[in-house]
file entry-v2.txt (compact mmCIF, C-alpha atoms and all ligand atoms)
# COMPACT_ATOMS: atom_id res chain seq x y z
CA MET A 128 142.85 23.48 67.34
CA SER A 129 145.91 21.84 68.84
CA VAL A 130 148.31 23.90 70.92
CA GLN A 131 151.97 23.97 69.88
CA SER A 132 154.84 23.68 72.33
CA LYS A 133 156.19 27.20 71.82
CA GLU A 134 152.94 28.97 72.69
CA LEU A 135 152.03 26.53 75.45
CA LEU A 136 153.05 28.52 78.53
CA THR A 137 151.23 31.63 77.30
CA VAL A 138 148.06 29.66 76.57
CA VAL A 139 148.13 27.82 79.91
CA GLU A 140 148.82 31.01 81.87
CA GLU A 141 146.00 32.77 80.08
CA ILE A 142 143.56 29.99 80.93
CA VAL A 143 144.79 29.56 84.51
CA ASN A 144 144.53 33.30 85.16
CA HIS A 145 141.09 33.63 83.62
CA THR A 146 139.39 30.62 85.18
CA THR A 147 137.41 31.63 88.25
CA ILE A 148 138.04 29.63 91.38
CA THR A 149 136.01 28.01 94.15
CA ASP A 150 138.26 28.46 97.17
CA VAL A 151 137.54 25.34 99.22
CA HIS A 152 139.03 26.40 102.55
CA THR A 153 139.32 29.90 103.98
CA HIS A 154 138.79 31.62 107.32
CA LEU A 155 136.81 34.45 105.75
CA PHE A 156 133.28 35.41 106.76
CA ALA A 157 130.31 36.69 104.82
CA PRO A 158 129.49 40.36 105.51
CA GLU A 159 126.51 39.28 107.66
CA PHE A 160 129.08 38.22 110.28
CA GLY A 161 130.09 41.84 110.88
CA ASP A 162 133.57 42.42 112.24
CA GLN A 163 134.40 38.72 112.01
CA LEU A 164 135.22 39.44 108.35
CA LEU A 165 138.77 40.82 108.47
CA TYR A 166 140.06 43.09 105.71
CA GLY A 167 142.37 46.03 105.02
CA ILE A 168 146.03 46.87 105.43
CA ASP A 169 146.22 46.71 109.25
CA GLU A 170 144.72 43.21 109.28
CA LEU A 171 146.96 42.17 106.39
CA LEU A 172 150.06 43.28 108.26
CA THR A 173 149.06 41.63 111.54
CA TYR A 174 148.47 38.23 109.89
CA HIS A 175 149.86 35.62 112.27
CA TYR A 176 152.46 34.51 109.70
CA LEU A 177 153.95 38.02 109.89
CA ILE A 178 153.80 38.18 113.67
CA ALA A 179 156.06 35.11 113.85
CA GLU A 180 158.46 36.65 111.32
CA THR A 181 158.56 39.97 113.19
CA MET A 182 159.47 38.29 116.46
CA ARG A 183 162.55 36.84 114.77
CA VAL A 184 163.95 40.20 113.71
CA SER A 185 162.78 42.45 116.53
CA ASP A 186 163.52 42.44 120.26
CA ILE A 187 160.03 43.63 121.23
CA ASP A 188 158.65 41.48 124.02
CA TYR A 189 155.49 39.49 123.40
CA ASP A 190 153.35 41.27 125.99
CA THR A 191 154.22 44.70 124.68
CA TYR A 192 153.20 43.60 121.21
CA TRP A 193 149.90 42.08 122.33
CA LYS A 194 148.98 45.19 124.35
CA MET A 195 149.27 47.46 121.32
CA SER A 196 146.29 48.61 119.26
CA ARG A 197 145.84 46.90 115.89
CA GLN A 198 147.25 49.98 114.12
CA GLU A 199 150.33 50.10 116.34
CA GLN A 200 150.93 46.40 115.79
CA ALA A 201 150.67 46.91 112.03
CA GLU A 202 153.15 49.80 112.20
CA THR A 203 155.56 47.70 114.27
CA ILE A 204 155.42 44.90 111.72
CA TRP A 205 155.74 47.28 108.77
CA GLU A 206 158.85 48.89 110.30
CA ALA A 207 160.45 45.57 111.24
CA LEU A 208 159.80 43.53 108.13
CA PHE A 209 159.31 46.04 105.32
CA ILE A 210 161.52 49.00 106.27
CA HIS A 211 164.41 47.47 108.21
CA HIS A 212 164.51 44.24 106.23
CA THR A 213 163.73 43.18 102.69
CA PRO A 214 160.24 41.63 102.50
CA TYR A 215 160.94 38.66 100.26
CA SER A 216 159.48 35.94 102.49
CA GLU A 217 156.28 34.50 101.00
CA ALA A 218 154.00 36.15 103.59
CA CYS A 219 155.72 39.55 103.23
CA ARG A 220 155.73 39.41 99.44
CA GLY A 221 152.03 38.64 99.69
CA VAL A 222 151.35 42.05 101.20
CA ILE A 223 153.32 43.74 98.41
CA THR A 224 151.42 41.78 95.75
CA VAL A 225 148.09 42.87 97.27
CA LEU A 226 149.14 46.53 97.38
CA GLN A 227 150.42 46.40 93.84
CA LYS A 228 147.34 44.68 92.43
CA LEU A 229 145.12 47.22 94.20
CA GLY A 230 146.96 50.02 92.38
CA MET A 231 149.16 51.30 95.23
CA ASP A 232 152.62 52.67 94.48
CA VAL A 233 154.73 50.21 96.46
CA SER A 234 157.89 52.20 95.82
CA THR A 235 156.81 54.91 98.30
CA ARG A 236 156.76 52.45 101.24
CA ASP A 237 154.30 54.86 102.80
CA LEU A 238 151.98 52.84 105.01
CA GLU A 239 149.75 55.78 105.90
CA SER A 240 148.95 56.48 102.24
CA TYR A 241 147.95 52.82 101.69
CA ARG A 242 145.77 52.97 104.78
CA GLU A 243 144.01 56.06 103.51
CA ALA A 244 143.55 54.85 99.94
CA LEU A 245 142.26 51.37 100.85
CA GLY A 246 140.20 52.63 103.78
CA ARG A 247 138.06 54.75 101.43
CA TYR A 248 136.15 51.82 99.93
CA PRO A 249 132.71 50.94 101.29
CA LEU A 250 132.82 47.29 102.43
CA GLU A 251 130.51 45.90 99.73
CA GLU A 252 132.57 47.55 97.02
CA TYR A 253 135.78 46.28 98.58
CA ILE A 254 134.52 42.68 98.69
CA ALA A 255 133.52 42.88 95.03
CA LEU A 256 136.89 44.40 94.11
CA ILE A 257 138.87 41.69 95.92
CA PHE A 258 136.82 38.85 94.42
CA GLU A 259 137.32 40.38 91.00
CA LYS A 260 141.09 40.94 91.37
CA ALA A 261 141.54 37.42 92.78
CA ASN A 262 139.18 36.01 90.15
CA VAL A 263 137.48 33.91 92.79
CA SER A 264 133.77 33.19 92.40
CA SER A 265 133.09 31.80 95.86
CA VAL A 266 134.85 30.79 99.05
CA VAL A 267 134.16 28.22 101.74
CA MET A 268 134.29 29.62 105.27
CA THR A 269 135.34 27.78 108.45
CA ASN A 270 132.33 27.82 110.74
CA ASP A 271 132.59 26.94 114.39
CA PRO A 272 129.29 26.48 116.28
CA PHE A 273 131.25 26.61 119.56
CA ASP A 274 132.40 30.17 118.88
CA GLU A 275 130.05 32.49 120.78
CA GLN A 276 130.32 35.42 118.39
CA GLU A 277 129.76 33.27 115.33
CA ARG A 278 127.03 31.19 116.92
CA LYS A 279 124.93 34.26 117.62
CA VAL A 280 124.93 35.20 113.96
CA TRP A 281 123.94 31.70 112.85
CA LEU A 282 121.08 31.64 115.33
CA SER A 283 119.66 34.96 114.23
CA GLN A 284 120.59 35.26 110.56
CA THR A 285 118.52 33.68 107.84
CA THR A 286 120.11 34.96 104.63
CA ARG A 287 123.72 34.87 103.58
CA ASP A 288 125.84 36.35 100.81
CA GLU A 289 125.94 33.60 98.17
CA ARG A 290 129.66 33.98 97.51
CA PHE A 291 130.35 32.56 100.98
CA HIS A 292 129.61 28.86 101.57
CA ALA A 293 129.76 27.20 104.97
CA ALA A 294 131.83 24.32 106.33
CA LEU A 295 131.00 22.96 109.76
CA ARG A 296 134.20 22.93 111.79
CA ILE A 297 134.08 20.65 114.79
CA ASP A 298 137.54 20.83 116.39
CA PRO A 299 136.21 21.46 119.91
CA LEU A 300 133.85 18.49 119.70
CA ILE A 301 136.46 16.03 118.43
CA ASN A 302 139.56 17.32 120.20
CA ASP A 303 138.14 18.69 123.44
CA TYR A 304 134.97 16.75 124.24
CA ASP A 305 135.71 16.73 128.00
CA THR A 306 135.16 20.48 128.06
CA VAL A 307 132.50 21.08 125.44
CA TYR A 308 129.92 18.53 126.52
CA LYS A 309 128.95 21.05 129.21
CA ASP A 310 128.23 23.67 126.53
CA LEU A 311 126.12 21.10 124.72
CA GLN A 312 124.17 20.41 127.90
CA ALA A 313 123.58 24.14 128.34
CA TRP A 314 122.22 24.28 124.78
CA GLY A 315 119.66 21.59 125.55
CA TYR A 316 121.35 18.39 124.31
CA GLN A 317 121.04 15.42 126.70
CA VAL A 318 124.71 14.45 126.67
CA ASP A 319 127.10 13.00 129.24
CA ALA A 320 130.85 12.99 129.63
CA ASP A 321 130.64 9.27 128.80
CA LEU A 322 129.74 8.36 125.26
CA THR A 323 126.64 6.32 126.08
CA GLU A 324 124.22 5.30 123.32
CA SER A 325 121.84 8.15 124.17
CA THR A 326 124.71 10.67 124.21
CA ILE A 327 125.78 9.45 120.76
CA GLN A 328 122.24 9.99 119.46
CA GLU A 329 122.16 13.50 120.88
CA LEU A 330 125.57 14.35 119.43
CA ARG A 331 124.35 13.20 116.03
CA ARG A 332 121.37 15.48 116.44
CA PHE A 333 123.70 18.39 117.26
CA VAL A 334 125.93 17.83 114.20
CA SER A 335 122.95 17.27 111.93
CA GLU A 336 121.16 20.40 113.07
CA TRP A 337 124.24 22.53 112.45
CA ILE A 338 124.83 21.03 109.01
CA GLU A 339 121.29 22.01 108.13
CA ARG A 340 121.39 25.42 109.76
CA MET A 341 124.62 26.31 107.94
CA GLN A 342 123.85 24.39 104.77
CA ALA A 343 127.39 23.16 105.23
CA LEU A 344 129.21 21.73 102.22
CA TYR A 345 131.38 19.53 104.39
CA VAL A 346 132.29 18.80 108.01
CA ALA A 347 135.91 19.56 108.97
CA VAL A 348 138.44 19.07 111.71
CA SER A 349 142.12 19.79 112.21
CA LEU A 350 144.10 17.08 113.94
CA PRO A 351 147.50 16.80 115.58
CA ASP A 352 150.50 15.00 114.12
CA THR A 353 149.85 12.30 116.75
CA PHE A 354 146.44 11.46 115.28
CA VAL A 355 145.83 7.74 114.94
CA TYR A 356 142.77 5.83 113.87
CA PRO A 357 141.43 3.46 115.09
CA GLU A 358 142.26 3.67 118.77
CA HIS A 359 140.45 3.39 122.10
CA SER A 360 139.72 7.05 122.59
CA VAL A 361 136.89 9.54 122.77
CA ARG A 362 138.08 11.04 119.51
CA SER A 363 138.00 7.74 117.63
CA THR A 364 134.56 6.91 118.98
CA LEU A 365 133.21 10.33 118.05
CA ILE A 366 134.53 10.00 114.52
CA GLU A 367 133.15 6.49 114.06
CA LYS A 368 129.83 6.79 115.85
CA VAL A 369 128.89 10.44 115.40
CA ILE A 370 130.65 12.24 112.55
CA LEU A 371 130.84 9.55 109.91
CA PRO A 372 127.23 8.32 110.22
CA VAL A 373 125.94 11.91 110.02
CA CYS A 374 128.19 12.65 107.03
CA ARG A 375 126.86 9.52 105.34
CA GLU A 376 123.30 10.50 106.03
CA HIS A 377 123.85 13.96 104.50
CA GLN A 378 126.27 12.62 101.87
CA LEU A 379 128.84 15.20 102.88
CA PRO A 380 132.62 14.80 102.92
CA PHE A 381 134.51 14.78 106.19
CA ALA A 382 137.58 16.99 105.77
CA LEU A 383 140.63 16.11 107.84
CA MET A 384 143.49 18.56 108.17
CA ILE A 385 146.25 16.56 109.80
CA GLY A 386 149.60 17.44 111.30
CA VAL A 387 149.25 20.59 113.38
CA LYS A 388 151.02 20.97 116.72
CA ARG A 389 149.00 23.64 118.44
CA LEU A 390 150.74 26.33 120.50
CA VAL A 391 154.31 25.08 120.68
CA ASN A 392 155.04 28.68 121.67
CA GLU A 393 152.06 30.04 123.62
CA SER A 394 153.46 33.56 123.77
CA LEU A 395 152.94 33.80 120.03
CA ARG A 396 149.23 33.03 120.43
CA SER A 397 147.70 32.47 116.97
CA ALA A 398 151.22 32.44 115.49
CA GLY A 399 152.42 29.76 117.89
CA ASP A 400 151.33 26.59 116.07
CA SER A 401 153.78 24.24 114.38
CA VAL A 402 153.99 21.08 112.31
CA GLY A 403 154.70 17.39 112.81
CA LYS A 404 154.72 14.33 110.57
CA ALA A 405 151.58 12.26 111.02
CA ASP A 406 150.75 8.61 110.43
CA ILE A 407 149.18 8.01 107.01
CA GLN A 408 147.71 4.73 108.28
CA ALA A 409 144.94 6.70 109.96
CA VAL A 410 143.81 8.03 106.56
CA GLU A 411 144.15 4.59 104.98
CA ALA A 412 142.11 2.96 107.76
CA LEU A 413 139.31 5.54 107.50
CA CYS A 414 139.04 5.31 103.71
CA LYS A 415 139.10 1.53 103.85
CA SER A 416 136.71 1.03 106.77
CA PHE A 417 134.15 3.55 105.51
CA PRO A 418 133.95 3.18 101.73
CA THR A 419 130.64 5.04 101.57
CA ASN A 420 132.05 8.05 103.39
CA LYS A 421 133.88 10.75 101.45
CA PHE A 422 137.11 12.18 102.86
CA MET A 423 138.86 15.39 101.89
CA VAL A 424 142.37 15.35 103.30
CA THR A 425 145.26 17.78 103.51
CA MET A 426 148.39 17.17 105.58
CA LEU A 427 150.71 19.78 106.97
CA SER A 428 154.02 18.01 106.82
CA ARG A 429 155.99 17.86 103.59
CA GLU A 430 157.05 14.33 104.56
CA ASN A 431 153.42 13.11 104.38
CA GLN A 432 152.71 14.32 100.87
CA HIS A 433 153.89 11.39 98.79
CA GLU A 434 152.12 8.74 100.86
CA LEU A 435 148.97 10.85 100.88
CA ALA A 436 148.94 11.02 97.07
CA VAL A 437 149.58 7.27 96.87
CA THR A 438 146.71 6.61 99.29
CA ALA A 439 144.40 8.64 97.05
CA ARG A 440 145.30 6.27 94.18
CA LYS A 441 143.90 3.44 96.28
CA PHE A 442 140.69 5.03 97.46
CA ARG A 443 138.20 6.88 95.28
CA ASN A 444 136.52 8.20 98.42
CA LEU A 445 139.61 10.28 99.18
CA MET A 446 140.12 13.75 97.68
CA VAL A 447 143.47 15.37 98.39
CA PHE A 448 143.35 19.14 98.66
CA GLY A 449 145.58 22.17 99.04
CA CYS A 450 149.12 23.01 100.08
CA TRP A 451 148.35 23.87 103.64
CA TRP A 452 149.86 26.73 105.71
CA PHE A 453 153.66 26.14 105.98
CA LEU A 454 153.48 24.35 102.61
CA ASN A 455 151.93 27.35 100.89
CA ASN A 456 155.28 28.55 99.51
CA PRO A 457 156.23 28.50 95.82
CA THR A 458 158.97 25.85 96.12
CA LEU A 459 156.77 23.46 98.03
CA ILE A 460 153.65 24.13 95.96
CA GLU A 461 155.66 23.36 92.85
CA GLU A 462 157.09 20.14 94.24
CA MET A 463 153.78 18.93 95.64
CA THR A 464 151.69 19.90 92.63
CA ALA A 465 154.08 18.22 90.19
CA MET A 466 154.08 15.05 92.29
CA ARG A 467 150.29 15.06 92.61
CA PHE A 468 149.76 15.64 88.89
CA GLU A 469 152.14 12.79 88.11
CA LEU A 470 150.43 10.41 90.53
CA LEU A 471 146.81 11.55 90.33
CA GLY A 472 146.46 13.26 86.96
CA THR A 473 143.67 15.78 87.16
CA SER A 474 141.87 14.21 90.13
CA VAL A 475 143.05 16.52 92.91
CA ILE A 476 142.16 19.93 94.32
CA PRO A 477 145.58 21.52 93.99
CA GLN A 478 145.11 24.50 96.25
CA HIS A 479 143.02 26.43 98.76
CA SER A 480 143.93 29.88 100.05
CA ASP A 481 143.38 29.55 103.81
CA ALA A 482 142.86 33.33 103.63
CA ARG A 483 142.09 34.90 107.02
CA ILE A 484 141.96 38.39 105.64
CA LEU A 485 139.82 39.13 102.61
CA ASP A 486 142.59 40.96 100.71
CA GLN A 487 144.80 37.85 100.92
CA LEU A 488 142.68 36.17 98.26
CA VAL A 489 144.49 38.41 95.79
CA TYR A 490 148.02 37.29 96.60
CA LYS A 491 147.41 33.71 97.64
CA TRP A 492 145.74 33.01 94.34
CA SER A 493 148.03 35.00 92.08
CA HIS A 494 151.08 33.32 93.61
CA SER A 495 149.53 29.85 93.39
CA ARG A 496 148.20 30.36 89.87
CA GLU A 497 151.71 31.17 88.67
CA VAL A 498 153.13 27.93 90.06
CA ILE A 499 150.20 25.76 88.95
CA ALA A 500 150.45 27.15 85.40
CA LYS A 501 154.16 26.34 85.32
CA VAL A 502 153.68 22.77 86.56
CA LEU A 503 150.75 22.15 84.24
CA THR A 504 152.75 23.43 81.28
CA GLU A 505 155.54 20.98 82.06
CA GLN A 506 153.08 18.09 82.16
CA TYR A 507 151.57 19.14 78.81
CA GLU A 508 155.00 19.64 77.26
CA ARG A 509 155.94 16.05 77.97
CA LEU A 510 152.69 14.87 76.42
CA ILE A 511 153.18 16.96 73.28
CA GLU A 512 156.72 15.60 72.96
CA ALA A 513 155.20 12.12 73.08
CA GLY A 514 153.05 13.07 70.09
CA TRP A 515 149.78 13.94 71.85
CA ASN A 516 147.55 16.60 70.27
CA LEU A 517 146.34 18.97 72.92
CA THR A 518 143.58 21.49 72.33
CA GLU A 519 142.83 24.74 74.12
CA GLU A 520 139.38 23.38 75.05
CA GLU A 521 141.03 20.44 76.79
CA ILE A 522 143.32 22.74 78.77
CA ARG A 523 140.27 24.80 79.73
CA ARG A 524 138.45 21.63 80.82
CA ASP A 525 141.41 20.49 82.95
CA VAL A 526 141.82 23.85 84.68
CA GLY A 527 138.07 24.00 85.28
CA GLN A 528 138.27 20.61 86.98
CA LEU A 529 141.25 21.58 89.11
CA PHE A 530 139.82 24.94 90.20
CA ASN A 531 136.10 24.08 90.49
CA ASP A 532 134.59 20.85 89.25
CA ASN A 533 136.67 18.39 91.27
CA PHE A 534 135.41 20.01 94.44
CA TRP A 535 131.77 20.32 93.40
CA ASP A 536 131.66 16.84 91.87
CA PHE A 537 133.08 15.40 95.09
CA ILE A 538 130.54 17.30 97.18
CA ASN A 539 127.74 15.91 94.98
CA LEU A 540 129.22 12.41 94.66
CA LYS A 541 126.97 9.69 96.05
CA LEU A 542 128.72 6.54 97.25
CA SER A 543 126.48 3.73 98.28
O1 LIG B 1 142.28 25.68 109.49
C1 LIG B 1 143.26 25.62 110.24
O2 LIG B 1 143.28 24.96 111.28
C2 LIG B 1 144.49 26.40 109.91
O3 LIG B 1 144.55 26.62 108.55
C3 LIG B 1 144.54 27.67 110.71
O4 LIG B 1 144.34 27.37 112.04
C4 LIG B 1 145.82 28.47 110.53
O5 LIG B 1 145.98 29.35 111.59
C5 LIG B 1 145.78 29.18 109.21
O6 LIG B 1 145.89 30.54 109.32
C6 LIG B 1 146.78 28.62 108.29
O7 LIG B 1 146.97 29.04 107.18
ZN ZN B 2 142.69 26.85 107.82
call {"tool": "encode", "arguments": {"input": "entry-v2.txt", "output": "structure tokens"}}
result
Amino acid sequence: MSVQSKELLTVVEEIVNHTTITDVHTHLFAPEFGDQLLYGIDELLTYHYLIAETMRVSDIDYDTYWKMSRQEQAETIWEALFIHHTPYSEACRGVITVLQKLGMDVSTRDLESYREALGRYPLEEYIALIFEKANVSSVVMTNDPFDEQERKVWLSQTTRDERFHAALRIDPLINDYDTVYKDLQAWGYQVDADLTESTIQELRRFVSEWIERMQALYVAVSLPDTFVYPEHSVRSTLIEKVILPVCREHQLPFALMIGVKRLVNESLRSAGDSVGKADIQAVEALCKSFPTNKFMVTMLSRENQHELAVTARKFRNLMVFGCWWFLNNPTLIEEMTAMRFELLGTSVIPQHSDARILDQLVYKWSHSREVIAKVLTEQYERLIEAGWNLTEEEIRRDVGQLFNDNFWDFINLKLS
């Protein structure tokens, strides 16, 4: 049955809210990874986005903050951002949305009562509750084989919670080879500082073994705003000679997250990264030179978004995903999503959560769903005005593609 203009928003919202999501990029961990899985109110409040915001409104010095226990840090942030100021920034509102959706009375502003109420859940129950409230069916983790704590789990663990997929993250290899080749040597790979033919072979073996061990869905890296390709550099050689051949062999996408300026303020630690506009030609050159490789790309600068969407029109091996980090704000999600829908139709992965704390799945997705439903409704409205008959099944199909199928189809796509 065709959907009429006046009921459109309600129908789209209903479908958008009830379609379960595959979250293609998070920093969450399966329960097998122990305390690497962060959750609960103290973690929520000490999210690095909120640390940066606290430092703007408080005169606490950095060292004092970092020396505090996690609970004290959370209390400092709660006082600064939620009691002495109004928490309407996106990251602050996120905490309120989580508390509200978990049934807390946010009008009391009583942190201790939230701590007690949420702390009562056994972990397994809490994970199930958060996945249900967020209506997320599975998430992709960010898995770093160079991280000692994580590595140990991978080397000893054989089973994994099925809701958590793996992505092999190789930032240290690509961005810091001069340091990490020594780790690789210690782990039994015959590699040198120079990228000789035998070193290349060994590096391929390393990447391949970790893809298999993790059953990774894709290989990923974050790159600075200064990233260029091709160039005479270790990074370029590693991408061309190691990463892309292995990705081809396993038919996995290579995900590039471009535009981060790491640690512009070191005192802020994890909150100290910033953004810069990158050169789209690197993406164009990769997609063009390696037509049988698949690339998932997100860029951090707002200024890169239009050219990225245009580049995806030119290359079927490019899948644009998410509104990353500083772009994950309603105004920017709306602008970017509308532009992507207009340029790419349904062939985009509009969002990922980037959740670092389990509970964040609830707010990141409820906030994004609201904006995506609005933008989608506007697209449909224009079509209906042009005389197009739209059915509920078609809306369901589209939302299914945006929230799940586009990702899974791209993972399974074989380009030869
Ligand atoms: O995957 C990344 O590199 C980034 O998303 C993270 O490093 C960043 O800290 C994250 O929390 C942003 O949302
Ligand atoms: Zn991330």
call {"tool": "residues_near_ligand", "arguments": {"input": "entry-v2.txt", "ligand": "ligand ZN 2 (chain B)", "cutoff": "9 Å", "atoms": "only C-alpha atoms and all ligand atoms", "output": "list in words"}}
result
His152, Thr153, His154, Thr269, Ser349, Met384, Trp451, Trp452, Ser480, Asp481, Ala482 and Arg483 of chain A
call {"tool": "write_last_selection", "arguments": {"input": "entry-v2.txt", "atoms": "C-alpha atoms", "output": "PDB file, keeping the file's coordinate frame"}}
result
ATOM      1  CA  HIS A 152     139.030  26.400 102.550  1.00  0.00           C
ATOM      2  CA  THR A 153     139.320  29.900 103.980  1.00  0.00           C
ATOM      3  CA  HIS A 154     138.790  31.620 107.320  1.00  0.00           C
ATOM      4  CA  THR A 269     135.340  27.780 108.450  1.00  0.00           C
ATOM      5  CA  SER A 349     142.120  19.790 112.210  1.00  0.00           C
ATOM      6  CA  MET A 384     143.490  18.560 108.170  1.00  0.00           C
ATOM      7  CA  TRP A 451     148.350  23.870 103.640  1.00  0.00           C
ATOM      8  CA  TRP A 452     149.860  26.730 105.710  1.00  0.00           C
ATOM      9  CA  SER A 480     143.930  29.880 100.050  1.00  0.00           C
ATOM     10  CA  ASP A 481     143.380  29.550 103.810  1.00  0.00           C
ATOM     11  CA  ALA A 482     142.860  33.330 103.630  1.00  0.00           C
ATOM     12  CA  ARG A 483     142.090  34.900 107.020  1.00  0.00           C
TER      13      ARG A 483
END
call {"tool": "residues_around", "arguments": {"input": "entry-v2.txt", "residues": "range 530-540 of chain A", "least_positions_apart": "4", "cutoff": "8 Å", "atoms": "all atoms listed in the file", "output": "list of chain:residue names"}}
result
A:Thr146, A:Thr147, A:Ile148, A:Thr149, A:Asp150, A:Val151, A:Leu344, A:Tyr345, A:Gln378, A:Leu379, A:Pro380, A:Lys421, A:Met446, A:Ser474, A:Val475, A:Ile476, A:Pro477, A:Val526
call {"tool": "write_last_selection", "arguments": {"input": "entry-v2.txt", "atoms": "C-alpha atoms", "output": "mmCIF file, in the coordinates of the input"}}
result
data_model
loop_
_atom_site.group_PDB
_atom_site.id
_atom_site.type_symbol
_atom_site.label_atom_id
_atom_site.label_comp_id
_atom_site.auth_asym_id
_atom_site.auth_seq_id
_atom_site.Cartn_x
_atom_site.Cartn_y
_atom_site.Cartn_z
ATOM 1 C CA THR A 146 139.390 30.620 85.180
ATOM 2 C CA THR A 147 137.410 31.630 88.250
ATOM 3 C CA ILE A 148 138.040 29.630 91.380
ATOM 4 C CA THR A 149 136.010 28.010 94.150
ATOM 5 C CA ASP A 150 138.260 28.460 97.170
ATOM 6 C CA VAL A 151 137.540 25.340 99.220
ATOM 7 C CA LEU A 344 129.210 21.730 102.220
ATOM 8 C CA TYR A 345 131.380 19.530 104.390
ATOM 9 C CA GLN A 378 126.270 12.620 101.870
ATOM 10 C CA LEU A 379 128.840 15.200 102.880
ATOM 11 C CA PRO A 380 132.620 14.800 102.920
ATOM 12 C CA LYS A 421 133.880 10.750 101.450
ATOM 13 C CA MET A 446 140.120 13.750 97.680
ATOM 14 C CA SER A 474 141.870 14.210 90.130
ATOM 15 C CA VAL A 475 143.050 16.520 92.910
ATOM 16 C CA ILE A 476 142.160 19.930 94.320
ATOM 17 C CA PRO A 477 145.580 21.520 93.990
ATOM 18 C CA VAL A 526 141.820 23.850 84.680
#
call {"tool": "atom_distance", "arguments": {"input": "entry-v2.txt", "atom1": "CA of Glu329 in chain A", "atom2": "CA of Gln317 in chain A"}}
result
6.2 Å
call {"tool": "atom_distance", "arguments": {"input": "entry-v2.txt", "atom1": "CA of Leu256 in chain A", "atom2": "atom O5 of ligand LIG 1 (chain B)"}}
result
24.8 Å
call {"tool": "residues_around", "arguments": {"input": "entry-v2.txt", "residues": "range 387-389 of chain A", "least_positions_apart": "3", "cutoff": "6 Å", "atoms": "all atoms listed in the file", "output": "PDB file with C-alpha atoms, keeping the file's coordinate frame"}}
result
ATOM      1  CA  PRO A 351     147.500  16.800 115.580  1.00  0.00           C
ATOM      2  CA  ASP A 352     150.500  15.000 114.120  1.00  0.00           C
ATOM      3  CA  ASP A 400     151.330  26.590 116.070  1.00  0.00           C
ATOM      4  CA  SER A 401     153.780  24.240 114.380  1.00  0.00           C
ATOM      5  CA  VAL A 402     153.990  21.080 112.310  1.00  0.00           C
TER       6      VAL A 402
END
call {"tool": "closest_residue", "arguments": {"input": "entry-v2.txt", "among": "A:Gly315, A:Gly449, A:Gly246, A:Gly527", "to": "ligand LIG 1 (chain B)", "atoms": "all atoms listed in the file"}}
result
A:Gly449
call {"tool": "closest_residue", "arguments": {"input": "entry-v2.txt", "among": "A:Thr419, A:Gln198, A:Thr518, A:Thr173", "to": "ligand LIG 1 (chain B)", "atoms": "all atoms listed in the file"}}
result
A:Thr173
call {"tool": "atom_distance", "arguments": {"input": "entry-v2.txt", "atom1": "CA of Ser234 in chain A", "atom2": "CA of Leu136 in chain A"}}
result
29.7 Å
call {"tool": "closest_residue", "arguments": {"input": "entry-v2.txt", "among": "A:Arg220, A:Asn516, A:Asn431, A:Leu295", "to": "Met128 in chain A", "atoms": "all atoms listed in the file"}}
result
A:Asn516
call {"tool": "closest_residue", "arguments": {"input": "entry-v2.txt", "among": "A:Met463, A:Leu485, A:Cys414, A:Leu226", "to": "Leu164 in chain A", "atoms": "only C-alpha atoms"}}
result
A:Leu485
call {"tool": "closest_residue", "arguments": {"input": "entry-v2.txt", "among": "A:Pro418, A:Pro372, A:Gly472, A:Pro299", "to": "ligand LIG 1 (chain B)", "atoms": "all atoms listed in the file"}}
result
A:Pro299
call {"tool": "closest_residue", "arguments": {"input": "entry-v2.txt", "among": "A:Lys133, A:Arg362, A:His479, A:Lys501", "to": "ligand LIG 1 (chain B)", "atoms": "all atoms listed in the file"}}
result
A:His479
